[in-house]
file data_2.cif (mmCIF, C-alpha atoms)
data_protein
loop_
_atom_site.label_atom_id
_atom_site.label_comp_id
_atom_site.auth_asym_id
_atom_site.auth_seq_id
_atom_site.Cartn_x
_atom_site.Cartn_y
_atom_site.Cartn_z
CA MET A 88 144.97 94.40 101.89
CA ALA A 89 142.95 91.18 102.09
CA ILE A 90 143.65 88.90 105.03
CA PRO A 91 144.83 85.49 103.79
CA PHE A 92 142.57 82.56 104.49
CA SER A 93 143.93 79.99 106.91
CA ARG A 94 141.15 77.48 106.19
CA PRO A 95 139.43 76.70 102.89
CA LEU A 96 135.75 76.23 102.18
CA ALA A 97 134.40 72.68 101.81
CA LEU A 98 132.27 72.41 98.65
CA SER A 99 130.15 69.29 98.14
CA GLN A 100 129.69 68.07 94.58
CA GLY A 101 125.91 67.76 94.71
CA ASP A 102 124.30 65.45 92.15
CA PRO A 103 127.20 64.59 89.82
CA ALA A 104 124.89 64.39 86.79
CA GLY A 105 123.71 67.96 87.34
CA ILE A 106 125.46 71.28 86.84
CA GLY A 107 127.41 71.15 90.11
CA PRO A 108 130.60 69.99 88.35
CA ASP A 109 130.10 72.58 85.58
CA ILE A 110 129.75 75.60 87.86
CA THR A 111 132.54 74.39 90.16
CA LEU A 112 134.97 74.27 87.24
CA MET A 113 133.82 77.64 85.94
CA ALA A 114 134.06 79.29 89.36
CA TRP A 115 137.61 77.99 89.87
CA LEU A 116 138.68 79.33 86.48
CA ARG A 117 137.56 82.80 87.60
CA ARG A 118 139.22 82.56 91.03
CA ARG A 119 141.78 85.32 90.41
CA GLU A 120 139.46 87.62 88.48
CA LEU A 121 136.80 87.45 91.20
CA GLY A 122 139.09 87.14 94.22
CA LEU A 123 137.48 83.90 95.34
CA PRO A 124 138.36 82.39 98.71
CA PRO A 125 140.15 79.02 98.53
CA PHE A 126 137.82 76.04 98.31
CA PHE A 127 138.07 72.34 97.65
CA LEU A 128 135.50 70.03 96.12
CA ILE A 129 134.36 66.86 97.86
CA GLY A 130 133.34 64.52 95.07
CA ASP A 131 134.53 62.29 92.26
CA PRO A 132 137.63 63.66 90.48
CA ASP A 133 136.92 61.48 87.44
CA VAL A 134 133.48 63.07 87.03
CA LEU A 135 135.08 66.49 87.25
CA ALA A 136 137.82 65.67 84.74
CA LEU A 137 135.33 64.24 82.25
CA ARG A 138 133.06 67.28 82.58
CA ALA A 139 136.03 69.60 82.04
CA ARG A 140 136.81 67.80 78.79
CA GLN A 141 133.19 67.95 77.69
CA LEU A 142 133.08 71.68 78.34
CA ASN A 143 136.54 72.27 76.88
CA LEU A 144 137.74 73.85 80.12
CA ALA A 145 141.44 73.76 80.94
CA VAL A 146 141.34 72.95 84.64
CA SER A 147 144.11 71.21 86.52
CA ILE A 148 142.58 68.84 89.10
CA ARG A 149 144.61 67.63 92.06
CA GLU A 150 143.46 65.11 94.65
CA ILE A 151 144.00 65.91 98.31
CA ASP A 152 143.79 63.85 101.47
CA THR A 153 143.30 66.67 103.99
CA ALA A 154 141.56 70.03 103.90
CA GLY A 155 144.76 71.75 104.92
CA GLU A 156 146.37 70.92 101.59
CA ALA A 157 143.78 72.88 99.63
CA THR A 158 144.85 76.44 100.42
CA GLY A 159 148.36 76.00 99.04
CA ILE A 160 147.14 74.17 95.94
CA PHE A 161 144.16 76.38 95.06
CA ALA A 162 146.03 78.99 93.03
CA ASP A 163 147.34 76.41 90.56
CA ALA A 164 144.87 73.50 90.66
CA LEU A 165 141.34 72.69 91.80
CA PRO A 166 141.72 70.58 94.96
CA VAL A 167 139.43 67.56 95.15
CA MET A 168 138.86 65.26 98.13
CA SER A 169 137.76 62.04 96.50
CA VAL A 170 134.33 60.54 97.12
CA PRO A 171 133.50 58.11 94.28
CA ALA A 172 130.23 58.64 92.44
CA GLY A 173 129.53 54.90 92.38
CA ILE A 174 128.93 54.56 88.64
CA GLU A 175 130.10 56.15 85.41
CA VAL A 176 128.19 59.43 85.41
CA VAL A 177 126.57 60.84 82.29
CA ALA A 178 125.84 64.57 82.38
CA GLY A 179 122.11 65.17 82.49
CA GLU A 180 121.22 61.57 83.37
CA PRO A 181 120.65 61.22 87.14
CA HIS A 182 120.95 57.77 88.68
CA ALA A 183 120.09 56.49 92.16
CA ALA A 184 123.44 54.68 92.32
CA THR A 185 125.14 58.05 92.86
CA ALA A 186 123.06 58.87 95.96
CA LYS A 187 125.47 57.24 98.40
CA GLY A 188 128.37 59.37 97.18
CA THR A 189 126.26 62.54 97.14
CA ILE A 190 125.23 62.00 100.76
CA ALA A 191 128.77 61.05 101.81
CA ALA A 192 130.14 64.28 100.33
CA ILE A 193 127.74 66.38 102.39
CA GLU A 194 128.56 64.41 105.55
CA LYS A 195 132.28 64.85 104.93
CA ALA A 196 131.95 68.60 104.40
CA VAL A 197 130.04 68.99 107.67
CA SER A 198 132.51 66.86 109.63
CA LEU A 199 135.47 68.88 108.33
CA VAL A 200 133.87 72.19 109.30
CA ILE A 201 132.74 71.00 112.73
CA GLY A 202 136.23 69.57 113.24
CA GLY A 203 137.78 72.96 112.47
CA GLU A 204 139.56 71.89 109.28
CA ALA A 205 137.37 73.93 106.92
CA LEU A 206 135.85 77.38 107.36
CA ALA A 207 132.32 76.73 106.08
CA VAL A 208 130.16 74.34 104.08
CA VAL A 209 129.03 75.22 100.56
CA THR A 210 126.74 72.72 98.87
CA ASN A 211 126.15 72.19 95.17
CA PRO A 212 122.54 71.31 94.20
CA ILE A 213 121.10 67.86 94.90
CA ALA A 214 118.13 66.10 93.32
CA LYS A 215 115.92 64.99 96.18
CA ALA A 216 113.96 62.53 94.03
CA VAL A 217 117.20 60.71 93.21
CA LEU A 218 118.14 60.51 96.89
CA TYR A 219 114.66 59.33 97.86
CA GLU A 220 115.10 56.33 95.55
CA ALA A 221 118.10 55.35 97.65
CA GLY A 222 116.23 55.70 100.96
CA PHE A 223 117.10 59.29 101.88
CA ARG A 224 114.59 60.23 104.59
CA PHE A 225 114.92 64.01 104.76
CA PRO A 226 112.80 66.56 102.87
CA GLY A 227 115.92 68.36 101.67
CA HIS A 228 119.43 69.65 102.28
CA THR A 229 118.33 71.95 105.10
CA GLU A 230 116.79 69.23 107.25
CA PHE A 231 119.68 66.82 106.60
CA LEU A 232 122.26 69.40 107.66
CA ALA A 233 120.31 70.04 110.86
CA ASP A 234 120.32 66.32 111.63
CA LEU A 235 124.07 66.09 111.02
CA ALA A 236 124.65 69.08 113.29
CA ALA A 237 122.48 67.62 116.05
CA ARG A 238 124.27 64.28 115.87
CA ALA A 239 127.69 65.96 115.99
CA THR A 240 126.91 68.30 118.88
CA GLY A 241 124.33 66.30 120.85
CA ARG A 242 122.02 69.32 120.86
CA PRO A 243 118.74 69.83 118.98
CA VAL A 244 119.00 72.13 115.99
CA THR A 245 116.25 74.17 114.34
CA PRO A 246 117.35 75.03 110.79
CA VAL A 247 116.08 78.18 109.12
CA MET A 248 116.34 78.54 105.35
CA MET A 249 117.10 82.03 104.05
CA LEU A 250 117.53 83.27 100.49
CA SER A 251 119.97 86.17 100.62
CA GLY A 252 120.46 88.45 97.64
CA PRO A 253 121.52 92.03 96.99
CA LYS A 254 117.89 93.20 96.95
CA LEU A 255 116.11 90.86 99.37
CA ARG A 256 116.57 88.43 102.24
CA ALA A 257 113.60 86.09 102.60
CA ILE A 258 112.85 83.22 104.99
CA PRO A 259 110.05 80.65 104.66
CA VAL A 260 108.69 79.50 108.03
CA THR A 261 107.48 76.20 106.55
CA ILE A 262 109.71 74.73 103.86
CA HIS A 263 109.44 71.50 101.90
CA ILE A 264 105.83 70.53 102.51
CA PRO A 265 102.75 70.57 100.27
CA VAL A 266 100.86 73.86 100.21
CA ARG A 267 97.73 72.10 101.49
CA ASP A 268 99.62 71.19 104.70
CA VAL A 269 100.89 74.70 105.46
CA PRO A 270 97.97 75.93 107.64
CA GLN A 271 98.22 72.88 109.91
CA ALA A 272 102.03 73.12 110.14
CA LEU A 273 102.02 76.83 110.89
CA THR A 274 102.13 77.34 114.66
CA GLY A 275 102.92 80.27 116.88
CA ASP A 276 105.91 78.42 118.32
CA LEU A 277 107.34 77.80 114.85
CA ILE A 278 106.95 81.43 113.79
CA ILE A 279 108.50 82.69 117.02
CA GLU A 280 111.44 80.28 116.89
CA THR A 281 112.12 81.11 113.23
CA CYS A 282 112.13 84.83 113.96
CA ARG A 283 114.35 84.43 117.02
CA ILE A 284 116.93 82.53 114.98
CA ALA A 285 116.73 85.05 112.15
CA ASP A 286 117.24 87.94 114.57
CA ALA A 287 120.20 86.24 116.29
CA ASP A 288 121.99 85.23 113.10
CA LEU A 289 121.49 88.59 111.40
CA ARG A 290 123.16 90.14 114.42
CA GLN A 291 125.96 87.62 114.92
CA ARG A 292 126.81 86.65 111.34
CA PHE A 293 125.58 89.50 109.16
CA GLY A 294 126.58 92.28 111.55
CA ILE A 295 123.14 93.95 111.64
CA ASP A 296 122.84 95.50 115.10
CA ALA A 297 119.05 95.87 115.13
CA PRO A 298 117.45 93.62 112.50
CA ARG A 299 114.02 94.63 111.16
CA LEU A 300 111.72 91.68 110.43
CA ALA A 301 108.72 92.05 108.14
CA VAL A 302 106.31 89.16 108.71
CA ALA A 303 103.96 88.18 105.89
CA GLY A 304 100.41 87.03 106.37
CA LEU A 305 99.32 83.61 105.17
CA ASN A 306 96.13 84.56 103.37
CA PRO A 307 95.41 87.17 100.68
CA HIS A 308 95.42 90.67 102.19
CA ALA A 309 96.74 89.10 105.43
CA GLY A 310 93.29 87.64 106.00
CA GLU A 311 91.36 90.91 105.61
CA GLY A 312 90.61 90.99 109.35
CA GLY A 313 89.42 87.39 109.35
CA ALA A 314 87.24 87.62 106.25
CA ILE A 315 89.71 85.56 104.17
CA GLY A 316 90.95 83.05 106.75
CA THR A 317 91.64 83.33 110.45
CA GLU A 318 95.27 82.19 110.67
CA ASP A 319 96.65 85.71 110.38
CA GLU A 320 94.77 86.96 113.43
CA ASP A 321 94.79 83.74 115.44
CA ILE A 322 98.39 82.59 114.91
CA ILE A 323 100.60 85.17 113.21
CA ARG A 324 99.61 88.40 114.96
CA PRO A 325 99.97 87.01 118.52
CA SER A 326 103.38 85.63 117.57
CA ILE A 327 104.52 89.06 116.40
CA GLU A 328 103.25 90.64 119.60
CA GLN A 329 105.29 88.18 121.66
CA LEU A 330 108.38 88.83 119.56
CA ARG A 331 108.00 92.57 120.09
CA ASP A 332 107.66 91.97 123.85
CA GLU A 333 111.03 90.17 123.65
CA GLY A 334 112.65 93.20 121.99
CA ILE A 335 112.65 91.84 118.43
CA ASP A 336 111.69 94.43 115.82
CA ALA A 337 108.98 92.49 113.98
CA ILE A 338 106.04 94.00 112.10
CA GLY A 339 102.99 92.40 110.50
CA PRO A 340 101.18 90.38 109.47
CA LEU A 341 101.62 92.18 106.15
CA PRO A 342 99.85 91.45 102.85
CA ALA A 343 102.44 89.51 100.86
CA ASP A 344 101.47 91.14 97.56
CA THR A 345 102.71 94.56 98.73
CA MET A 346 105.85 93.49 100.62
CA PHE A 347 108.38 93.20 97.84
CA HIS A 348 108.41 96.42 95.83
CA ASP A 349 111.39 98.78 96.21
CA GLU A 350 109.89 101.15 98.76
CA ALA A 351 108.58 98.32 100.95
CA ARG A 352 111.90 96.44 100.98
CA ALA A 353 113.70 99.56 102.21
CA ARG A 354 111.79 99.26 105.49
CA TYR A 355 113.09 95.85 106.59
CA ASP A 356 116.17 93.61 106.64
CA VAL A 357 114.45 90.26 106.13
CA ALA A 358 111.03 89.09 105.01
CA ILE A 359 109.57 86.26 107.10
CA CYS A 360 107.18 84.33 104.86
CA MET A 361 104.75 81.58 105.72
CA TYR A 362 105.61 79.02 103.05
CA HIS A 363 108.26 78.09 100.52
CA ASP A 364 107.07 79.84 97.37
CA GLN A 365 105.90 82.96 99.18
CA ALA A 366 109.58 83.56 100.04
CA LEU A 367 111.43 82.03 97.13
CA ILE A 368 109.45 83.47 94.21
CA PRO A 369 110.27 87.12 95.04
CA ALA A 370 113.81 86.22 96.14
CA LYS A 371 114.62 84.51 92.86
CA ALA A 372 112.75 87.07 90.75
CA LEU A 373 114.83 89.86 92.29
CA GLY A 374 118.19 88.07 92.10
CA PHE A 375 118.23 84.65 90.48
CA ASP A 376 121.90 84.70 89.48
CA ASP A 377 123.30 86.31 92.62
CA SER A 378 121.10 85.09 95.46
CA VAL A 379 122.39 82.54 97.95
CA ASN A 380 120.67 79.91 100.07
CA VAL A 381 121.90 80.29 103.66
CA THR A 382 120.95 77.94 106.49
CA LEU A 383 120.59 79.82 109.77
CA GLY A 384 120.48 78.16 113.17
CA LEU A 385 123.34 75.74 112.52
CA PRO A 386 126.55 75.58 114.59
CA PHE A 387 128.49 76.25 111.36
CA VAL A 388 128.08 78.35 108.23
CA ARG A 389 126.38 76.78 105.21
CA THR A 390 125.55 78.40 101.90
CA SER A 391 124.41 77.09 98.51
CA PRO A 392 123.45 78.39 95.07
CA ASP A 393 119.78 79.31 94.90
CA HIS A 394 119.05 77.01 91.94
CA GLY A 395 118.68 73.29 91.33
CA THR A 396 120.56 70.61 89.44
CA ALA A 397 119.41 71.75 85.98
CA PHE A 398 119.96 68.32 84.41
CA GLY A 399 118.73 69.63 81.06
CA ILE A 400 121.77 71.86 80.59
CA ALA A 401 124.44 69.85 82.43
CA GLY A 402 127.57 69.36 80.33
CA LYS A 403 126.32 71.67 77.57
CA GLY A 404 128.16 74.87 78.47
CA LEU A 405 124.94 76.71 79.32
CA ALA A 406 125.17 76.79 83.13
CA ARG A 407 126.03 80.04 84.90
CA GLU A 408 128.32 80.06 87.89
CA GLN A 409 127.26 83.40 89.42
CA SER A 410 125.13 81.99 92.23
CA LEU A 411 127.87 79.57 93.29
CA VAL A 412 130.38 82.42 93.21
CA ALA A 413 128.07 84.45 95.45
CA ALA A 414 127.64 81.42 97.76
CA LEU A 415 131.41 80.98 98.09
CA LYS A 416 131.99 84.66 98.82
CA LEU A 417 129.18 84.84 101.37
CA ALA A 418 130.32 81.64 103.10
CA ALA A 419 133.78 83.11 103.56
CA GLN A 420 132.37 86.41 104.82
CA LEU A 421 129.99 84.77 107.28
CA GLY A 422 132.56 82.20 108.38
CA ARG A 423 135.04 84.88 109.29
CA ALA A 424 132.45 87.10 110.95
CA TRP A 425 131.05 84.28 113.07
CA GLU A 426 134.51 83.05 113.97
CA GLY A 427 135.40 86.52 115.20
CA ARG A 428 132.39 86.59 117.52
CA ARG A 429 132.82 83.13 119.03
#
call {"tool": "encode", "arguments": {"input": "data_2.cif", "output": "structure tokens"}}
result
Amino acid sequence: MAIPFSRPLALSQGDPAGIGPDITLMAWLRRRELGLPPFFLIGDPDVLALRARQLNLAVSIREIDTAGEATGIFADALPVMSVPAGIEVVAGEPHAATAKGTIAAIEKAVSLVIGGEALAVVTNPIAKAVLYEAGFRFPGHTEFLADLAARATGRPVTPVMMLSGPKLRAIPVTIHIPVRDVPQALTGDLIIETCRIADADLRQRFGIDAPRLAVAGLNPHAGEGGAIGTEDEDIIRPSIEQLRDEGIDAIGPLPADTMFHDEARARYDVAICMYHDQALIPAKALGFDDSVNVTLGLPFVRTSPDHGTAFGIAGKGLAREQSLVAALKLAAQLGRAWEGRR
């Protein structure tokens, strides 16, 4: 028998002109069928109601003032903690005027989880370009969440982005930077810290007693012994040696082009990649609809769908809710597991 949830998940609306409202409505409609944990949306209830009408979805929406109200309401209505969008939102038409509300929803979700009122943070997709127009100074969700955590706890936080799917877990060491800047940004300290956090969180949150880390090289063929770039031998290999001295089961540097076939993936629990696309291309190719973005290294659990705002299909009934469903389920699983170990 399933243990009832005492605290709901806090779900931020994301960019209100994107598919966040669509997939939220669709996930709630399948709550019983899929056995979803209780969640509440932080966003504009008017945006949600309008999108439900556009999509012809019969969803009862009920505003709440506290997270605690959500669990009792969830079976019969979608609980919404109101954060106004700022303007009348048109599906598929992003506007910088909504940035303030988008940011406020994320901040509210984090504060509720840190304050113990919600179990975990789940974030719908944001459009970084829209936020940048309004003065947002972070490269993305991951870095913003780390800043919020550091401000709340008074301790520095190193966030680690992981795509987690049924066939692959993959982590990029460098994240939202141009490819041309990767070699300069890639340091031994960064690789080591990323792997330490991955090892710790796989143990504490995912319940893997002895995580196996496969570390990719930066260059083709992992540098071919220095013939195709020296970073693999000068930076990555010494980092792996230090990690192994610390008792972390890390192997590499491995040629990235042979790391992701079935037989190779059976030999490790997470792939540590050197840059964004080296990790996210195989992760999304192997599980686009059911992979989840998980931020490791935070003092709370945060998950997200592995896709973007998809403005081109917002409000058209073409969005798929599977990745959000997976994000909600994983957030509940990790939230409970971490809570039990604290």
call {"tool": "residues_around", "arguments": {"input": "data_2.cif", "residues": "A:Ile338", "least_positions_apart": "2", "cutoff": "10 Å", "atoms": "all atoms listed in the file", "output": "list in words"}}
result
Arg299, Leu300, Ala301, Val302, Ala303, Arg324, Ile327, Glu328, Leu330, Arg331, Ile335, Asp336, Pro340, Leu341, Tyr355, Ala358 and Ile359 of chain A
call {"tool": "residues_near_point", "arguments": {"input": "data_2.cif", "point": "(127.1, 73.2, 85.2)", "cutoff": "8 Å", "atoms": "all atoms listed in the file", "output": "number ranges by chain"}}
result
A: 105-111, 397, 400-408
call {"tool": "residues_around", "arguments": {"input": "data_2.cif", "residues": "A:Ala191", "least_positions_apart": "2", "cutoff": "10 Å", "atoms": "only C-alpha atoms", "output": "PDB file with C-alpha atoms, in the frame of the given file"}}
result
ATOM      1  CA  SER A  99     130.150  69.290  98.140  1.00  0.00           C
ATOM      2  CA  ILE A 129     134.360  66.860  97.860  1.00  0.00           C
ATOM      3  CA  GLY A 130     133.340  64.520  95.070  1.00  0.00           C
ATOM      4  CA  VAL A 170     134.330  60.540  97.120  1.00  0.00           C
ATOM      5  CA  PRO A 171     133.500  58.110  94.280  1.00  0.00           C
ATOM      6  CA  ALA A 172     130.230  58.640  92.440  1.00  0.00           C
ATOM      7  CA  ALA A 186     123.060  58.870  95.960  1.00  0.00           C
ATOM      8  CA  LYS A 187     125.470  57.240  98.400  1.00  0.00           C
ATOM      9  CA  GLY A 188     128.370  59.370  97.180  1.00  0.00           C
ATOM     10  CA  THR A 189     126.260  62.540  97.140  1.00  0.00           C
ATOM     11  CA  ILE A 193     127.740  66.380 102.390  1.00  0.00           C
ATOM     12  CA  GLU A 194     128.560  64.410 105.550  1.00  0.00           C
ATOM     13  CA  LYS A 195     132.280  64.850 104.930  1.00  0.00           C
ATOM     14  CA  ALA A 196     131.950  68.600 104.400  1.00  0.00           C
ATOM     15  CA  VAL A 197     130.040  68.990 107.670  1.00  0.00           C
TER      16      VAL A 197
END
call {"tool": "resolve_selection", "arguments": {"input": "data_2.cif", "expression": "the PyMOL selection byres ((chain A and resi 166) around 6)", "output": "MDAnalysis selection string"}}
result
chainID A and resid 127 149:150 157 165 167
call {"tool": "resolve_selection", "arguments": {"input": "data_2.cif", "expression": "the PyMOL selection byres ((chain A and resi 174) around 7)", "output": "ChimeraX atom specification"}}
result
/A:172-173,175-176,184-185
call {"tool": "resolve_selection", "arguments": {"input": "data_2.cif", "expression": "the PyMOL selection byres ((chain A and resi 270) around 12)", "output": "PDB file with C-alpha atoms, in the frame of the given file"}}
result
ATOM      1  CA  VAL A 260     108.690  79.500 108.030  1.00  0.00           C
ATOM      2  CA  THR A 261     107.480  76.200 106.550  1.00  0.00           C
ATOM      3  CA  ILE A 264     105.830  70.530 102.510  1.00  0.00           C
ATOM      4  CA  PRO A 265     102.750  70.570 100.270  1.00  0.00           C
ATOM      5  CA  VAL A 266     100.860  73.860 100.210  1.00  0.00           C
ATOM      6  CA  ARG A 267      97.730  72.100 101.490  1.00  0.00           C
ATOM      7  CA  ASP A 268      99.620  71.190 104.700  1.00  0.00           C
ATOM      8  CA  VAL A 269     100.890  74.700 105.460  1.00  0.00           C
ATOM      9  CA  GLN A 271      98.220  72.880 109.910  1.00  0.00           C
ATOM     10  CA  ALA A 272     102.030  73.120 110.140  1.00  0.00           C
ATOM     11  CA  LEU A 273     102.020  76.830 110.890  1.00  0.00           C
ATOM     12  CA  THR A 274     102.130  77.340 114.660  1.00  0.00           C
ATOM     13  CA  GLY A 275     102.920  80.270 116.880  1.00  0.00           C
ATOM     14  CA  LEU A 277     107.340  77.800 114.850  1.00  0.00           C
ATOM     15  CA  GLY A 304     100.410  87.030 106.370  1.00  0.00           C
ATOM     16  CA  LEU A 305      99.320  83.610 105.170  1.00  0.00           C
ATOM     17  CA  ASN A 306      96.130  84.560 103.370  1.00  0.00           C
ATOM     18  CA  GLY A 316      90.950  83.050 106.750  1.00  0.00           C
ATOM     19  CA  THR A 317      91.640  83.330 110.450  1.00  0.00           C
ATOM     20  CA  GLU A 318      95.270  82.190 110.670  1.00  0.00           C
ATOM     21  CA  ASP A 319      96.650  85.710 110.380  1.00  0.00           C
ATOM     22  CA  ASP A 321      94.790  83.740 115.440  1.00  0.00           C
ATOM     23  CA  ILE A 322      98.390  82.590 114.910  1.00  0.00           C
ATOM     24  CA  ILE A 323     100.600  85.170 113.210  1.00  0.00           C
ATOM     25  CA  MET A 361     104.750  81.580 105.720  1.00  0.00           C
ATOM     26  CA  TYR A 362     105.610  79.020 103.050  1.00  0.00           C
TER      27      TYR A 362
END
call {"tool": "closest_residue", "arguments": {"input": "data_2.cif", "among": "A:Ile284, A:Ala257, A:Leu235, A:Leu206", "to": "A:Leu98", "atoms": "all atoms listed in the file"}}
result
A:Leu206
call {"tool": "residues_around", "arguments": {"input": "data_2.cif", "residues": "A:Met248", "least_positions_apart": "2", "cutoff": "8 Å", "atoms": "all atoms listed in the file", "output": "list of chain:residue names"}}
result
A:Thr229, A:Pro246, A:Leu250, A:Ile258, A:Pro259, A:Ile262, A:Asn380, A:Val381, A:Thr382, A:Leu383
call {"tool": "closest_residue", "arguments": {"input": "data_2.cif", "among": "A:Ala154, A:Gln291, A:Ala214, A:Ser93", "to": "A:His394", "atoms": "all atoms listed in the file"}}
result
A:Ala214
call {"tool": "residues_around", "arguments": {"input": "data_2.cif", "residues": "A:Ala236", "least_positions_apart": "5", "cutoff": "7 Å", "atoms": "only C-alpha atoms", "output": "list in words"}}
result
Val244, Leu385 and Pro386 of chain A
call {"tool": "atom_distance", "arguments": {"input": "data_2.cif", "atom1": "atom CA of A:Ala162", "atom2": "atom CA of A:Leu421"}}
result
22.2 Å
call {"tool": "atom_distance", "arguments": {"input": "data_2.cif", "atom1": "atom CA of A:Thr396", "atom2": "atom CA of A:Pro212"}}
result
5.2 Å
call {"tool": "closest_residue", "arguments": {"input": "data_2.cif", "among": "A:Ala370, A:Leu199, A:Ala178, A:Leu116", "to": "A:Val134", "atoms": "only C-alpha atoms"}}
result
A:Ala178
call {"tool": "closest_residue", "arguments": {"input": "data_2.cif", "among": "A:Gly384, A:Pro226, A:Pro243, A:Pro325", "to": "A:Leu289", "atoms": "all atoms listed in the file"}}
result
A:Gly384
call {"tool": "atom_distance", "arguments": {"input": "data_2.cif", "atom1": "atom CA of A:Asp344", "atom2": "atom CA of A:Ser326"}}
result
20.8 Å
call {"tool": "closest_residue", "arguments": {"input": "data_2.cif", "among": "A:Arg138, A:His228, A:His263, A:Arg238", "to": "A:Leu112", "atoms": "all atoms listed in the file"}}
result
A:Arg138
call {"tool": "decode", "arguments": {"input": "data_2.cif", "residues": "stretch 233-244 of chain A", "atoms": "N, CA, C and O atoms", "output": "compact mmCIF listing (two decimals), in the first residue's frame"}}
result
# COMPACT_ATOMS: atom_id res chain seq x y z
N ALA A 233 20.78 27.53 -7.63
CA ALA A 233 21.94 27.48 -6.73
C ALA A 233 22.09 28.78 -5.97
O ALA A 233 22.41 28.78 -4.78
N ASP A 234 21.86 29.90 -6.64
CA ASP A 234 21.95 31.20 -5.98
C ASP A 234 20.87 31.34 -4.90
O ASP A 234 21.15 31.82 -3.79
N LEU A 235 19.67 30.91 -5.19
CA LEU A 235 18.59 30.96 -4.20
C LEU A 235 18.92 30.10 -2.99
O LEU A 235 18.69 30.50 -1.84
N ALA A 236 19.49 28.92 -3.25
CA ALA A 236 19.86 28.03 -2.15
C ALA A 236 20.96 28.63 -1.29
O ALA A 236 20.91 28.56 -0.06
N ALA A 237 21.94 29.24 -1.94
CA ALA A 237 23.05 29.85 -1.19
C ALA A 237 22.56 31.01 -0.34
O ALA A 237 22.99 31.18 0.81
N ARG A 238 21.66 31.81 -0.91
CA ARG A 238 21.12 32.94 -0.14
C ARG A 238 20.30 32.47 1.05
O ARG A 238 20.32 33.07 2.13
N ALA A 239 19.57 31.38 0.87
CA ALA A 239 18.70 30.87 1.94
C ALA A 239 19.49 30.21 3.06
O ALA A 239 19.11 30.29 4.23
N THR A 240 20.58 29.54 2.71
CA THR A 240 21.33 28.77 3.71
C THR A 240 22.59 29.47 4.20
O THR A 240 23.15 29.09 5.23
N GLY A 241 23.06 30.48 3.43
CA GLY A 241 24.30 31.14 3.80
C GLY A 241 25.54 30.33 3.47
O GLY A 241 26.65 30.67 3.92
N ARG A 242 25.38 29.28 2.68
CA ARG A 242 26.51 28.42 2.31
C ARG A 242 26.64 28.37 0.79
O ARG A 242 25.63 28.36 0.08
N PRO A 243 27.86 28.32 0.28
CA PRO A 243 28.03 28.22 -1.18
C PRO A 243 27.48 26.91 -1.70
O PRO A 243 27.54 25.88 -1.02
N VAL A 244 26.93 26.95 -2.89
CA VAL A 244 26.31 25.78 -3.50
C VAL A 244 26.88 25.57 -4.89
O VAL A 244 26.97 26.52 -5.68
